[in-house]
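See below for the structure under consideration.
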Amino acid sequence: MTWCAICLRKERGFGFSPRMTGYRDLPDVKFCSMSCLNLYAALFRKGNGMVDLTDLERASIQSCLKPLGECVAEIGMDKPLSAYSKEQVLTLIEVIVTAYQDAMRKGSPEVPF
Ligand SMILES: [Zn+2]
């Protein structure tokens, strides 16, 4: 079974082939609807499927490094991620998401309050 590349519902026969636009190394992708296909095509045209980060988003991502390092150190620096328990992975995700959201909420000149 194949899933929609945008919303992860079951795909329903809508497809996009990057090869048709000259990107031979990118795989074909499937969608559940024309809405999801059109959104993907718009994102693809804007930046080959990637959305450019704003300065605030990039700074907020960097602000996650310290809490991420502290969390990993607490779990154990020698422990590979594949050996983390489900609870440890969820804690790590929560630490990173919280740090990112906190940094985003602080705002910047690009985000008026
Ligand atoms: Zn979809």
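Numbering starts fresh at 1 for the residues of each chain in the structure tokens, the chains themselves are lettered A, B, ... in the order given, and ligands are numbered from 1 as they appear.
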
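When DSSP reads the backbone of this structure, the residues of chain A it assigns to strand (DSSP E or B) are Trp3, Lys10, Phe14, Gly15, Phe16, Val29, Lys30, Phe31, Ser108 and Val111 of chain A.
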
Only C-alpha atoms, please: the residues just picked out, written as a PDB file, in the first residue's frame.
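See selection.pdb below for the written result:
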ATOM      1  CA  TRP A   3       0.531   6.596   1.165  1.00  0.00           C
ATOM      2  CA  LYS A  10      -3.985   6.010   1.337  1.00  0.00           C
ATOM      3  CA  PHE A  14      -2.698  10.842  -8.202  1.00  0.00           C
ATOM      4  CA  GLY A  15       0.998  11.004  -8.974  1.00  0.00           C
ATOM      5  CA  PHE A  16       3.890  13.342  -9.584  1.00  0.00           C
ATOM      6  CA  VAL A  29       5.370  10.293  -5.376  1.00  0.00           C
ATOM      7  CA  LYS A  30       1.667   9.481  -4.920  1.00  0.00           C
ATOM      8  CA  PHE A  31      -1.237  11.450  -3.470  1.00  0.00           C
ATOM      9  CA  SER A 108      12.064  38.222  16.125  1.00  0.00           C
ATOM     10  CA  VAL A 111       7.419  38.155  13.460  1.00  0.00           C
TER      11      VAL A 111
END

Nearby residues, ligand 1, 12 Å, only C-alpha atoms and all ligand atoms, as an NGL selection string: :A and (2-15 or 29-40)

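Taking only C-alpha atoms into account, Arg45 in chain A lies nearest to A:Tyr23 out of the set A:Tyr23, A:Leu90, A:Arg105, A:Pro67.
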
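Using only C-alpha atoms, the nearest neighbour of Ile75 in chain A within the list A:Ala42, A:Met20, A:Ile61, A:Leu92 is A:Leu92.
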
Excluding Thr91 in chain A and residues on its chain fewer than 4 positions from it, collect all residues at most 12 Å away from it, counting only C-alpha atoms, and give them as a ChimeraX atom specification. /A:67-68,70-72,74-75,84-87,95-98
